[in-house]
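Chemist: Below is one structure. I have some questions about it.
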Amino acid sequence: DAGAGGGDQYTCNAAGGVIGRLVGTSSAKVTATNVTNKKKVIFKQTGALKTVQYANHGGVVGQTSYAILDNCDNSADSVVFKNVYSTTSGNSNDFRHGAIVGGSQNVTIKNCDNDAHIGLSVANGSRHQNYGGMVGWAITTTVESCTNGGDITAEVTFAPKRSFVGGIIGTDYGATVTNCEFSGKINYDETRNDTVFQCFIGGISGYEYNTTGAITGSTFSGEINIAENLVDKTAA
């Protein structure tokens with residue numbers, strides 16, 4: 001439970017069901033092989049964050065760079081991400097949530113499987129949220145021969161500026177996705193009071209930003225349900 005209480009709040013930068021942060025170097029990549037999370041994981045953050053933060057939360061690994069993850073699975077019943085906070089002026093926090101990895105950079109993720117249901121809830125904030133069935137946020141990352149059979153359920157209320165939801169990757173900056181499959185459902189329920197908010201939702205990738213990436217040989221065989229409710233937040 002990060003950020004609860006008074007005063008300036010700073011969220012936990014990296015938290016995972018098995019490994020919080022896994023970091024190698026460009027010349028010596030670190031490896032995680034045959035790693036499995038079998039227990040329900042709950043990440044909860046409350047309060048107003050005071051500074052720019054990048055929170056990486058994963059069912060297996062929170063944040064990783066210059067690494068190879070091979071046969072890393074999440075067989076837990078569920079992974080739950082709860083962000084409830086108030087808006088802080090000038091704040092541009094970025095939350096990255098994934099059933100396997102929260103945030104990755106210069107990483108290879110292969111032969112990984114998620115069976116956990118992913119539950120997401122966020123309220124009263126102005127931050128970016130990245131949700132992925134495998135990886136929440138990925139830059140120059142390769143995801144290959146991975147499967148996600150877990151449903152993704154997101155409830156967003158008056159927040160954030162942008163939501164990115166993908167069956168494999170939430171936000172993709174030059175990532176390569178090959179021979180992956182998402183067979184679950186994405187149920188996205190949003191309540192907002194303005195037209196500034198944006199959401200990007202996809203069966204494989206919620207948002208693919210860089211043309212250096214590619215999605216090949218991958219399949220979405222599930223279902224996407226989106227419900228939007230526009231209300232006046234200031235009404236009595």
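Identifiers in this document derive from the order of the structure tokens: chains are assigned A, B, ..., residues are numbered from 1 separately in each chain, and ligands are numbered from 1 in order of occurrence.
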For range 129-131 of chain A, list every protein, DNA or RNA residue within 8 Å, evaluated using only C-alpha atoms, and leave out those in the same chain fewer than 6 positions away; present the list as a PyMOL selection string.
Modeler: chain A and resi 94-98+137+160+162-166+169-171
Chemist: For range 196-205 of chain A, find every residue with an atom within 9 Å (counting only C-alpha atoms), except residues of its own chain fewer than 3 positions away, and show them as a PDB file with C-alpha atoms, in the first residue's frame.
Modeler:
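result.pdb was written with the following content:
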```pdb
ATOM      1  CA  GLY A 132      -1.061  -5.149 -20.303  1.00  0.00           C
ATOM      2  CA  GLY A 133      -1.971  -8.817 -20.149  1.00  0.00           C
ATOM      3  CA  PHE A 158     -12.668  10.692 -13.445  1.00  0.00           C
ATOM      4  CA  ALA A 159      -9.140   9.628 -14.370  1.00  0.00           C
ATOM      5  CA  PRO A 160      -6.592   9.592 -15.861  1.00  0.00           C
ATOM      6  CA  LYS A 161      -5.587  11.695 -18.879  1.00  0.00           C
ATOM      7  CA  ARG A 162      -4.923   8.553 -20.889  1.00  0.00           C
ATOM      8  CA  SER A 163      -5.505   4.845 -20.436  1.00  0.00           C
ATOM      9  CA  PHE A 164      -3.715   2.235 -22.558  1.00  0.00           C
ATOM     10  CA  VAL A 165      -5.028  -1.337 -22.341  1.00  0.00           C
ATOM     11  CA  GLY A 166      -3.765  -4.302 -24.370  1.00  0.00           C
ATOM     12  CA  GLY A 167      -4.206  -8.054 -24.191  1.00  0.00           C
ATOM     13  CA  ILE A 168      -0.434  -8.465 -24.494  1.00  0.00           C
ATOM     14  CA  ILE A 169       1.102  -4.950 -24.155  1.00  0.00           C
ATOM     15  CA  GLY A 170      -0.565  -1.813 -22.835  1.00  0.00           C
ATOM     16  CA  THR A 171       1.804   0.756 -24.396  1.00  0.00           C
ATOM     17  CA  ASP A 172       4.329  -0.309 -27.021  1.00  0.00           C
ATOM     18  CA  VAL A 177       5.372  -9.009 -30.626  1.00  0.00           C
ATOM     19  CA  CYS A 180       1.553 -14.341 -29.064  1.00  0.00           C
ATOM     20  CA  GLU A 181      -2.105 -14.954 -28.208  1.00  0.00           C
ATOM     21  CA  PHE A 182      -4.726 -13.296 -26.039  1.00  0.00           C
ATOM     22  CA  SER A 183      -7.877 -15.366 -25.596  1.00  0.00           C
ATOM     23  CA  GLY A 184      -9.482 -13.528 -22.680  1.00  0.00           C
ATOM     24  CA  LYS A 185     -11.871 -10.590 -22.425  1.00  0.00           C
ATOM     25  CA  ILE A 186     -11.229  -6.884 -21.930  1.00  0.00           C
ATOM     26  CA  TYR A 188     -13.463  -1.482 -19.828  1.00  0.00           C
ATOM     27  CA  ARG A 192     -15.598  10.845 -17.020  1.00  0.00           C
ATOM     28  CA  ASN A 193     -16.669  14.476 -17.008  1.00  0.00           C
ATOM     29  CA  GLU A 208       1.844   1.101 -30.684  1.00  0.00           C
ATOM     30  CA  ILE A 215       3.309  -7.328 -34.437  1.00  0.00           C
ATOM     31  CA  SER A 218      -0.193 -13.019 -33.118  1.00  0.00           C
ATOM     32  CA  THR A 219      -3.850 -13.754 -32.389  1.00  0.00           C
ATOM     33  CA  PHE A 220      -6.671 -12.158 -30.445  1.00  0.00           C
ATOM     34  CA  SER A 221      -9.555 -14.601 -30.023  1.00  0.00           C
ATOM     35  CA  GLY A 222     -11.326 -13.048 -27.049  1.00  0.00           C
ATOM     36  CA  GLU A 223     -13.764 -10.174 -26.621  1.00  0.00           C
ATOM     37  CA  ILE A 224     -13.629  -6.422 -25.936  1.00  0.00           C
TER      38      ILE A 224
END
```
Chemist: Extract, using only C-alpha atoms, all DNA, RNA and protein residues at most 9 Å from Gly213 in chain A, discarding same-chain residues fewer than 2 positions from it, and format them as a list of chain:residue names.
Modeler: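 The contact residues come out as A:Thr140, A:Thr141, A:Thr142, A:Asp172, A:Tyr173, A:Gly174, A:Ala175, A:Thr176, A:Val177, A:Glu208, A:Tyr209, A:Asn210, A:Thr211, A:Ile215.
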Chemist: Find, counting only C-alpha atoms, the residue in A:Ala76, A:Ile152, A:Ile226, A:Val122 that gets nearest to Gly59 in chain A.
Modeler: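 Closest residue, counting only C-alpha atoms: A:Ala76.
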Chemist: Any idea what the distance is between CA of Ala14 in chain A and CA of Gly149 in chain A?
Modeler: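 For CA of Ala14 in chain A relative to CA of Gly149 in chain A, the distance reads 24.5 Å.
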Chemist: Tell me, as a compact mmCIF listing (two decimals) with N, CA, C and O atoms, in the first residue's frame, which residues lie within 9 Å of Val79 in chain A, counting only C-alpha atoms; anything in the same chain fewer than 6 positions away does not count.
Modeler:
```
# COMPACT_ATOMS: atom_id res chain seq x y z
N LYS A 39 0.50 -16.82 -6.27
CA LYS A 39 -0.33 -16.18 -5.26
C LYS A 39 -0.96 -14.89 -5.78
O LYS A 39 -0.38 -14.17 -6.58
N LYS A 40 -2.15 -14.59 -5.29
CA LYS A 40 -2.82 -13.34 -5.62
C LYS A 40 -1.96 -12.16 -5.18
O LYS A 40 -1.41 -12.15 -4.09
N VAL A 41 -1.86 -11.17 -6.06
CA VAL A 41 -1.06 -9.99 -5.77
C VAL A 41 -1.95 -8.75 -5.83
O VAL A 41 -2.72 -8.60 -6.78
N ILE A 42 -1.86 -7.88 -4.83
CA ILE A 42 -2.64 -6.64 -4.81
C ILE A 42 -1.70 -5.46 -4.67
O ILE A 42 -0.90 -5.40 -3.73
N PHE A 43 -1.77 -4.52 -5.62
CA PHE A 43 -1.02 -3.28 -5.54
C PHE A 43 -2.02 -2.16 -5.31
O PHE A 43 -2.92 -1.95 -6.11
N GLY A 58 4.13 -5.55 -11.46
CA GLY A 58 3.91 -6.75 -12.27
C GLY A 58 3.59 -7.96 -11.43
O GLY A 58 4.03 -8.09 -10.29
N GLY A 59 2.85 -8.87 -12.01
CA GLY A 59 2.50 -10.10 -11.31
C GLY A 59 3.71 -10.97 -11.02
O GLY A 59 3.74 -11.71 -10.04
N GLY A 98 1.30 -4.85 -15.38
CA GLY A 98 1.22 -6.02 -16.23
C GLY A 98 1.12 -7.30 -15.44
O GLY A 98 1.63 -7.39 -14.31
N ALA A 99 0.46 -8.31 -16.01
CA ALA A 99 0.31 -9.57 -15.30
C ALA A 99 1.64 -10.30 -15.15
O ALA A 99 1.84 -11.06 -14.20
N ALA A 116 -3.95 -15.44 -14.81
CA ALA A 116 -4.61 -14.66 -13.76
C ALA A 116 -5.57 -13.64 -14.33
O ALA A 116 -5.32 -13.04 -15.38
N HIS A 117 -6.68 -13.43 -13.65
CA HIS A 117 -7.58 -12.33 -13.97
C HIS A 117 -6.92 -11.03 -13.52
O HIS A 117 -6.34 -10.95 -12.43
N ILE A 118 -6.98 -10.01 -14.36
CA ILE A 118 -6.36 -8.73 -14.05
C ILE A 118 -7.47 -7.73 -13.71
O ILE A 118 -8.32 -7.42 -14.55
N GLY A 119 -7.48 -7.26 -12.49
CA GLY A 119 -8.47 -6.29 -12.05
C GLY A 119 -7.84 -4.92 -11.87
O GLY A 119 -6.82 -4.78 -11.17
N LEU A 120 -8.40 -3.91 -12.50
CA LEU A 120 -7.83 -2.57 -12.48
C LEU A 120 -8.88 -1.57 -12.05
O LEU A 120 -10.02 -1.59 -12.53
```
Chemist: Nearest to Thr108 in chain A among A:Lys82, A:Lys29, A:His57, A:His128, with distances taken over only C-alpha atoms: which residue is it?
Modeler: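 For Thr108 in chain A, the nearest of the given residues is A:Lys29.
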